[in-house]
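Notes for the one structure printed next.
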Amino acid sequence: MNNNVKINLLALFIILGGILLFIGGIYNLPPLNLNPIFPPIWQSAKFTITACFAVSGIMLLFIANGQHYPRITRFALMQMLTIIALMIVSLLLSIIIKHRTTIDAIFLSDHDLAAITAVTALTKITNYSLILTVINVIFFIIIGMITITIITYAIKSIIHGIESEITYYPLASQRAIPTITRWLITIVISGIGTISFLYLYLFITQKPISSIFPWGLRSSVIKVGVLHSLTGTMAISEESVKNATLLAIDEINRSGGIGGKRVEAVVADGQSKPEVFKREAERLITTEGIRFLFGCWTSADRKAVIPVLEKYDALLFYPVQHEGLELSNKVIYMGAVPNQQLIPTLKWSYDKFGKRFFLVGSDYVYPRVSNEIAKVLLANIGGVVLGEEYVALEDKDFKKVVKKIKDSNPDVIISTINGEGNIAFLEELHNQRVNEEGNVHSNRSSIPILSLSITENEIRSTMEHFVKYKPKEAAHFLTEHLSNMYASWSYFESISNPLNKDFVANFHKSFSSKYRSKFTNNSTNFMAISDPMATAYYGVMLWGMAMREHGNLYRAAAASNTNRDIYTYTLLQHLYNLSFPAPDGIITIVNNNYARRTVRIGKINKDLHFDIVWSAKNPIEARPYPYYKKRKEWDAFLDTLYQRWNKNWRALPSRISSLDKP
């Protein structure tokens with residue numbers, strides 16, 4: 001390749017960089033949509049800068065061809081046409097597929113593991129379709145090859161000088177270039193070429209400039225609220241979910257943020273009290289200027305927050321299983337509802353353990369609704385409910401409840417106990433020796449406990465409680481009660497596929513170094529990733545994907561004073577078209593704001609992790625309102641509970657209540 005060709009290639013490369021920057025400026029595409037380093041200067045000067053790129057390239061063509069003016073060789077023309085063609089196709093596809101359904105939803109089945117793994121790899125390159133990905137990869141390879149040629153030429157020029165490479169000024173006659181000018185030309189050309197390549201790379205991969213210059217993120221942020229109980233009875237469950245949320249936000253920032261802006265989490269403590277959740281949600285929105293919240297565990301807390309969300313047009317990503325019976329366009333329901341968890345679990349329990357059930361739960365809306373559904377289902381399949389008992393969230397006295405369980409001797413206990421109540425309940429089972437010989441059926445060693453609410457965190461905390469306060473009984477407790485403990489969730493750390501293996505390794509590495517829970521006593525095997533932790537992580541990632549798609553609509557809505565509802569509405573429209581390739585199956589939000597989830601049942605092992613013993617074959621679409629009652633009947637049932645609890649969504653502390661029908 002002769003020297004003129006090399007210089008022509010450099011010139012064309014610079015011109016193309018200017019063209020793409022100009023197009024990016026018109027369509028406000030990455031990396032030109034936001035510049036976090038000098039935003040005001042950049043927004044006003046980006047078209048001038050692109051013009052400078054084009055002029056620099058044209059001048060270089062003149063220099064390369066001397067008195068003959070721009071004369072592009074055949075090789076340079078081929079390269080130029082190839083790159084321009086790929087650039088045009090890539091740009092058109094980017095615009096056409098701007099509001100696309102993700103490639104996993106288009107090309108893949110929900111349970112195709114190899115395909116899910118492939119999607120994960122492809123989405124690291126681009127957020128667009130498979131076709132666009134392939135084109136961009138080819139584009140990037142060609143640009144890379146040309147860049148190597150450019151860098152080689154620049155180094156050679158600096159070392160050996162460029163007098164033999166560029167002999168004449170344009171329109172000049174036989175005048176040699178001075179040494180200083182030769183160096184300046186080399187430095188300028190090399191600098192422009194490097195910047196051009198940098199922006200071409202950002203344009204192709206649709207990344208913001210902050211992915212290369214992360215310090216630029218400090219100048220502008222997008223605030224989000226993380227609202228969980230860090231104190232009170234639910235802290236045992238919510239602390240780790242809060243940390244998983246922060247971990248996901250950190251990962252978004254490490255990958256360049258949202259449109260070049262760093263995501264800043266403002267953490268608030270709901271104190272395990274609905275009234276505090278409501279107050280803190282309003283503070284986050286009105287004082288901190290936040291419109292996106294991640295958090296809540298109990299349905300009582302979520303229901304307390306919803307009026308605030310509706311008042312200020314904010315959006316909550318809710319990561320925990322719940323009772324359904326709700327359709328708010330201000331909540332993204334990431335967790336499972338009864339048809340995705342409770343109903344399949346009850347059928348499995350009936351087939352596995354027998355027909356005699358005892359229902360026990362915390363006294364608030366989720367356990368009450370779940371057990372109302374459970375009684376209908378069990379009656380239809382021939383099951384028998386021997387008892388149904390509730391204890392307020394803050395109360396720890398399970399003596400009467402456990403006495404009734406012991407006397408009724410059920411085939412299985414279905415638990416919807418939440419938070420620290422799990423420790424008190426399991427300890428009372430041990431204190432009353434419920435599973436000692438003579439208190440259970442002869443065909444098993446203990447009464448199975450199948451929980452819809454317990455995670456590895458509560459179980460580990462229970463063992464730590466025994467080790468601290470009853471060290472001599474800890475081993476006996478493990479074999480007596482925990483050896484026959486089951487849980488029903490969508491995600492368990494023991495899911496066996498390559499995607500989950502990588503997810504667990506990366507999660508533990510980051511989580512253990514930065515977000516070790518105060519409940520783990522800094523043990524090396526600190527905890528398993530629970531379903532709410534994983535689901536919270538998925539929610540943040542889906543939000544990040546939607547926000548990157550959001551673009552101008554988001555900023556226009558944020559500035560609107562007349563129609564605040566468009567603020568969250570525009571994000572939801574993008575969110576409905578997205579899927580996240582999660583280790584437990586592709587997570588998709590449908591237009592009722594509920595996620596498709598796959599139910600699994602796990603049994604606790606000696607390491608206090610769950611081994612999966614049963615799994616549904618496919619994700620289940622949420623049905624928030626069970627079919628056997630009309631929606632207005634379910635609403636009436638909820639209202640009866642609400643009135644019984646003195647216009648709250650949970651019972652007040654210090655009472656144990658047997659169910660009297662609402």
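Ordered as shown in the structure tokens, chains take letters A, B, and onward, while each chain numbers its residues from 1 and ligands are numbered from 1 in the order shown.
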So that I can see what lies close to region 266-274 of chain A, please list as an NGL selection string the residues with an atom at most 6 Å from it, counting only C-alpha atoms and leaving out residues fewer than 3 positions away in the same chain. :A and (225-232 or 234 or 277 or 301 or 304)
Residues from the last selection, C-alpha atoms, saved as a compact mmCIF listing (two decimals), in the first residue's frame:
# COMPACT_ATOMS: atom_id res chain seq x y z
CA GLY A 225 -34.78 5.94 45.90
CA VAL A 226 -34.04 2.68 47.68
CA LEU A 227 -36.74 2.22 50.30
CA HIS A 228 -36.43 -0.79 52.62
CA SER A 229 -36.68 -1.64 56.30
CA LEU A 230 -33.20 -1.31 57.79
CA THR A 231 -34.58 -1.50 61.33
CA GLY A 232 -37.49 -3.32 62.90
CA MET A 234 -38.41 -6.82 58.57
CA PHE A 277 -42.73 3.91 54.30
CA ASP A 301 -45.87 -1.20 53.02
CA ALA A 304 -49.12 2.55 51.94
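CA of Leu378 (chain A) lies 25.9 Å from CA of Ala595 (chain A).
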Find, counting only C-alpha atoms, the residue in A:Lys501, A:His574, A:Arg433, A:Lys606 that gets nearest to Leu478 (chain A).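 Smallest separation from Leu478 (chain A) among the options: A:Lys606.
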Within 10 Å of region 607-620 of chain A, which residues of region 445-494 of chain A come that close, and what is the closest atom pair and distance in Å for each? Count only C-alpha atoms and give it as a Markdown table.
| residue | atom | partner | partner_atom | distance |
| --- | --- | --- | --- | --- |
| A:Thr455 | CA | A:Phe610 | CA | 8.9 |
| A:Glu456 | CA | A:His609 | CA | 6.2 |
| A:Asn457 | CA | A:Leu608 | CA | 9.1 |
| A:Ile459 | CA | A:Leu608 | CA | 7.0 |
| A:Arg460 | CA | A:Leu608 | CA | 6.6 |
| A:Met463 | CA | A:Leu608 | CA | 9.0 |
| A:Leu478 | CA | A:Leu608 | CA | 9.4 |
| A:Leu482 | CA | A:Leu608 | CA | 8.6 |
| A:Ser483 | CA | A:Leu608 | CA | 9.6 |
| A:Met485 | CA | A:Phe610 | CA | 9.2 |
| A:Tyr486 | CA | A:Phe610 | CA | 7.9 |
| A:Ala487 | CA | A:Phe610 | CA | 7.9 |
| A:Ser488 | CA | A:Trp614 | CA | 9.5 |
| A:Trp489 | CA | A:Ser615 | CA | 9.7 |
| A:Ser490 | CA | A:Ser615 | CA | 8.7 |
| A:Tyr491 | CA | A:Ile612 | CA | 9.6 |
| A:Phe492 | CA | A:Phe610 | CA | 6.7 |
| A:Glu493 | CA | A:Phe610 | CA | 7.6 |
| A:Ser494 | CA | A:Asp611 | CA | 6.0 |
Hey, which of A:Phe477, A:Phe511, A:Trp543, A:Phe466 ends up closest to Leu578 (chain A)? Count only C-alpha atoms.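 For Leu578 (chain A), the nearest of the candidates is A:Trp543.
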Pick out the residues sitting within 9 Å of Leu247 (chain A), and hand them over as a list in words; count only C-alpha atoms, and ignore anything fewer than 3 positions along from it in its own chain.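 My list of contacting residues is Lys242, Asn243, Ala244, Asp250, Glu251, Ile252, Phe507, Ser510, Phe511, Lys514, Tyr515 and Tyr537 of chain A.
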Deliver the residues from the most recent selection as a file, using C-alpha atoms, as an mmCIF file, in the first residue's frame.
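Result file follows (out_11.cif):
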data_model
loop_
_atom_site.group_PDB
_atom_site.id
_atom_site.type_symbol
_atom_site.label_atom_id
_atom_site.label_comp_id
_atom_site.auth_asym_id
_atom_site.auth_seq_id
_atom_site.Cartn_x
_atom_site.Cartn_y
_atom_site.Cartn_z
ATOM 1 C CA LYS A 242 -31.388 -3.209 49.701
ATOM 2 C CA ASN A 243 -27.765 -4.206 49.189
ATOM 3 C CA ALA A 244 -28.588 -6.213 46.052
ATOM 4 C CA ASP A 250 -23.132 0.154 40.936
ATOM 5 C CA GLU A 251 -22.936 -2.137 37.914
ATOM 6 C CA ILE A 252 -24.953 0.307 35.806
ATOM 7 C CA PHE A 507 -22.726 -11.444 42.496
ATOM 8 C CA SER A 510 -19.067 -7.897 44.376
ATOM 9 C CA PHE A 511 -21.588 -8.399 47.166
ATOM 10 C CA LYS A 514 -19.006 -4.207 49.491
ATOM 11 C CA TYR A 515 -22.422 -5.197 50.806
ATOM 12 C CA TYR A 537 -31.281 -6.891 40.867
#
Which residues are close to Phe425 (chain A), i.e. within 7 Å by only C-alpha atoms, leaving aside same-chain residues fewer than 4 positions away? Reply as a VMD selection string. chain A and resid 398 421 429
Write out the residues from the selection above, keeping all heavy atoms, as a short mmCIF file (atom, residue, chain, number, x, y, z; two decimals), in the first residue's frame.
data_model
loop_
_atom_site.label_atom_id
_atom_site.label_comp_id
_atom_site.auth_asym_id
_atom_site.auth_seq_id
_atom_site.Cartn_x
_atom_site.Cartn_y
_atom_site.Cartn_z
N PHE A 398 -45.55 -17.37 69.71
CA PHE A 398 -46.20 -18.39 68.89
C PHE A 398 -46.64 -19.61 69.72
O PHE A 398 -46.91 -20.66 69.16
CB PHE A 398 -45.24 -18.86 67.78
CG PHE A 398 -45.15 -17.90 66.62
CD1 PHE A 398 -44.28 -16.82 66.66
CD2 PHE A 398 -45.94 -18.07 65.49
CE1 PHE A 398 -44.19 -15.94 65.60
CE2 PHE A 398 -45.85 -17.21 64.43
CZ PHE A 398 -44.98 -16.13 64.47
N GLY A 421 -40.40 -13.00 62.65
CA GLY A 421 -41.37 -13.99 63.09
C GLY A 421 -40.95 -15.40 62.75
O GLY A 421 -41.31 -16.36 63.45
N LEU A 429 -41.44 -24.16 67.73
CA LEU A 429 -41.60 -25.56 67.30
C LEU A 429 -40.59 -26.44 68.04
O LEU A 429 -40.90 -27.55 68.48
CB LEU A 429 -41.40 -25.68 65.79
CG LEU A 429 -42.51 -25.16 64.88
CD1 LEU A 429 -42.07 -25.22 63.42
CD2 LEU A 429 -43.79 -25.97 65.05
#
What does the distance between CA of Glu549 (chain A) and CA of Gly335 (chain A) come to in Å, to one decimal place?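 Here the two named atoms are 23.6 Å from each other.
Neighbouring residues of region 344-346 of chain A at 9 Å or closer, counting only C-alpha atoms and skipping chain neighbours under 4 positions away, are Pro338, Asn339, Gln340, Tyr350, Asp351, Ala374, Leu377, Leu378, Ile414, Leu450, Leu452, Ser488, Val599, Arg600, Ile601 and Ala616 of chain A.
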